[in-house]
Amino acid sequence: MSALITAVDTYDIRFPTSRELDGSDAMNPDPDYSAAYVVLRTDEPGGPAGHGFTFTIGRGNDVQVAALDALRPYVLGRPVDALCADPGSLSRDLVGDSQLRWLGPEKGVMHMAVGAVVNAVWDLAAKRAGVPLWQLLADADPAWLVAQVDFRYLTDAITPEEALGLLRAGRAGRADREADLRRRGYPAYTTSPGWLGYSDAKLTRLARQAVADGFTQIKLKVGADLADDVRRCRAARAAVGPGIRLAVDANQRWDVAEAVAWTTALAEFDPYWIEEPTSPDDVLGHAAVRRAVAPIRVATGEHVQNRIVFKQLLQAGAVDIVQIDAARVGGVNENLAILLLAAKFGVPVCPHAGGVGLCELVQHLSMFDYLALSGTTEDRVVEYVDHLHEHFLAPAVVRDGHYVAPTAPGFSAEMHPDSIAAYTYPGGTFWAADLAARGTEPRRAETPRAETPCAETPCAVPEETAP
């Protein structure tokens, strides 16, 4: 008899990154990098658990965890063999539920929760197969991969038959590319020098260090004050020289006209791309900005809520760079759809990874894309930020400006138990001591998370607030 999913444990995990202004940008000046974290446990003796999460920046992480709790009854009792053989079955059930769907559809807190649970299934599947996720995907039969994709709303842009053709063509030369990947890794760029709250001296020091570490592209946050941005871009360009790509990121700060004017004002520093120049939902706005600021490229995607908006961005010629996020849409299955769309339109994918655990996850998707779909790393880089990797059992490793291909089985999503125990909010050892030292208490009492299966009804959802 197949093992079953017997527990769905959830955790509100937060890190106090705002205290050093790590992650700060024009829209989010004080982020506390956080993970709404889920663990799928089974009754398989000695078998692995599946780990997944979605990324937030502090307050509201409890809301995201509550959404994960709401999905518990849909996952408990599922046969593990069937689930790992067809993760798309759970994805379709969660996305297509006739009542949950009303909360989206396919957007926002509930859709991100779906993505965390689906990613946990893929983590479990790769662990049981004994391979890292990038290899599981790259080795998979193209027809099986196509069956994992929901083509609803996409067939005016790409059909299953076209997707199958792309994946079959992508297998050519696979062995040579895998040898290259294992030898050199996958190209990375770094945002670590460019957080908006950093001083010019720190920016300059970190930018020079990035070049010394082998990065050929860095990124700066912009959008709060134009004079400051001009000064910071001048300092960054002086630090890295003319041969290093310098990207800038406005984090949705501007209206369309303002985006054009501001980007034009920064053109003297030769920015490679302007990222999120306006609302991630504004397809036509992105297209207008792209026409106006060329040859500066337009990049977006970390806050794009589903494959349909990505489809429209590509159809409208609104982006030069697609930036998938492993924890924003509905998990691996939906990101497969987005990678296929990008391949169909010939647009490079440069994933977002600025957040806790995002580097660990998205490297797998880019490596799969290189091996089995796009077949190239030209003009393709994965973001890297040097924060919080020590909390993961298989942390992302960057060497000479390249992600080293993971070798540990799974999706690299699993956190150290000690980190979970310390940074679960508000009762973890770090937060309990920190709140006591500051004489602060959460506004509402903590309720322990259910760590055993709920028999027939959803487990109680605890009420918590952020620091």
# chains A, B, ... in the order shown; residues from 1 in each chain; ligands from 1
call {"tool": "residues_around", "arguments": {"residues": "segment 90-99 of chain A", "least_positions_apart": "3", "cutoff": "9 Å", "atoms": "only C-alpha atoms", "output": "VMD selection string"}}
result
chain A and resid 71 74 to 75 83 86 to 87 102 to 103 105 to 106 111 114 to 115 117 to 118 121 148 150 330 to 331 333 to 334
call {"tool": "atom_distance", "arguments": {"atom1": "atom CA of Ala239 of chain A", "atom2": "atom CA of Thr17 of chain A"}}
result
25.5 Å
call {"tool": "residues_around", "arguments": {"residues": "segment 134-137 of chain A", "least_positions_apart": "5", "cutoff": "9 Å", "atoms": "only C-alpha atoms", "output": "list in words"}}
result
Ala125, Ala126, Ala129, Leu145, Gln363, His364, Leu365, Ser366, Met367, Phe368, Asp369, Leu371, Ala372, Ala405, Pro406, Gly410 and Phe411 of chain A
call {"tool": "residues_around", "arguments": {"residues": "Asp281 of chain A", "least_positions_apart": "5", "cutoff": "9 Å", "atoms": "only C-alpha atoms", "output": "compact mmCIF listing (two decimals) with C-alpha atoms, in the first residue's frame"}}
result
# COMPACT_ATOMS: atom_id res chain seq x y z
CA HIS A 303 5.20 40.36 -8.95
CA VAL A 304 3.42 39.11 -12.07
CA GLN A 305 0.66 37.02 -10.63
CA VAL A 309 -0.25 38.14 -17.49
call {"tool": "select_by_dssp", "arguments": {"residues": "segment 267-367 of chain A", "states": "strand (DSSP E or B)", "output": "PyMOL selection string"}}
result
chain A and resi 271-275+297-300+321-322+349
call {"tool": "select_by_dssp", "arguments": {"residues": "segment 155-384 of chain A", "states": "helix (DSSP H, G or I)", "output": "number ranges by chain"}}
result
A: 160-169, 174-184, 192-194, 200-212, 226-240, 256-265, 267-269, 283-293, 307-315, 332-345, 358-372
call {"tool": "residues_around", "arguments": {"residues": "Thr10 of chain A", "least_positions_apart": "6", "cutoff": "7 Å", "atoms": "only C-alpha atoms", "output": "JSON, numbers by chain"}}
result
{"A": [37, 38, 39, 65, 69, 449]}
call {"tool": "write_last_selection", "arguments": {"atoms": "N, CA and C atoms", "output": "compact mmCIF listing (two decimals), in the first residue's frame"}}
result
# COMPACT_ATOMS: atom_id res chain seq x y z
N TYR A 37 5.99 28.89 5.51
CA TYR A 37 6.72 27.65 5.26
C TYR A 37 5.81 26.46 5.51
N VAL A 38 5.90 25.44 4.64
CA VAL A 38 5.03 24.27 4.75
C VAL A 38 5.87 23.01 4.61
N VAL A 39 5.53 22.00 5.41
CA VAL A 39 6.20 20.71 5.35
C VAL A 39 5.13 19.62 5.17
N VAL A 65 0.41 32.31 5.95
CA VAL A 65 0.40 31.01 6.60
C VAL A 65 -1.03 30.50 6.78
N ASP A 69 -2.71 26.96 5.72
CA ASP A 69 -3.55 26.13 6.59
C ASP A 69 -4.86 25.75 5.92
N ARG A 449 1.00 25.86 16.02
CA ARG A 449 0.64 25.26 14.74
C ARG A 449 0.29 23.79 14.94
call {"tool": "residues_around", "arguments": {"residues": "Thr263 of chain A", "least_positions_apart": "3", "cutoff": "9 Å", "atoms": "only C-alpha atoms", "output": "PyMOL selection string"}}
result
chain A and resi 248+258-260+266-267+271+274+277+293+296
call {"tool": "closest_residue", "arguments": {"among": "A:Val381, A:Ala288, A:Ile420, A:Phe430", "to": "Asp12 of chain A", "atoms": "only C-alpha atoms"}}
result
A:Ile420
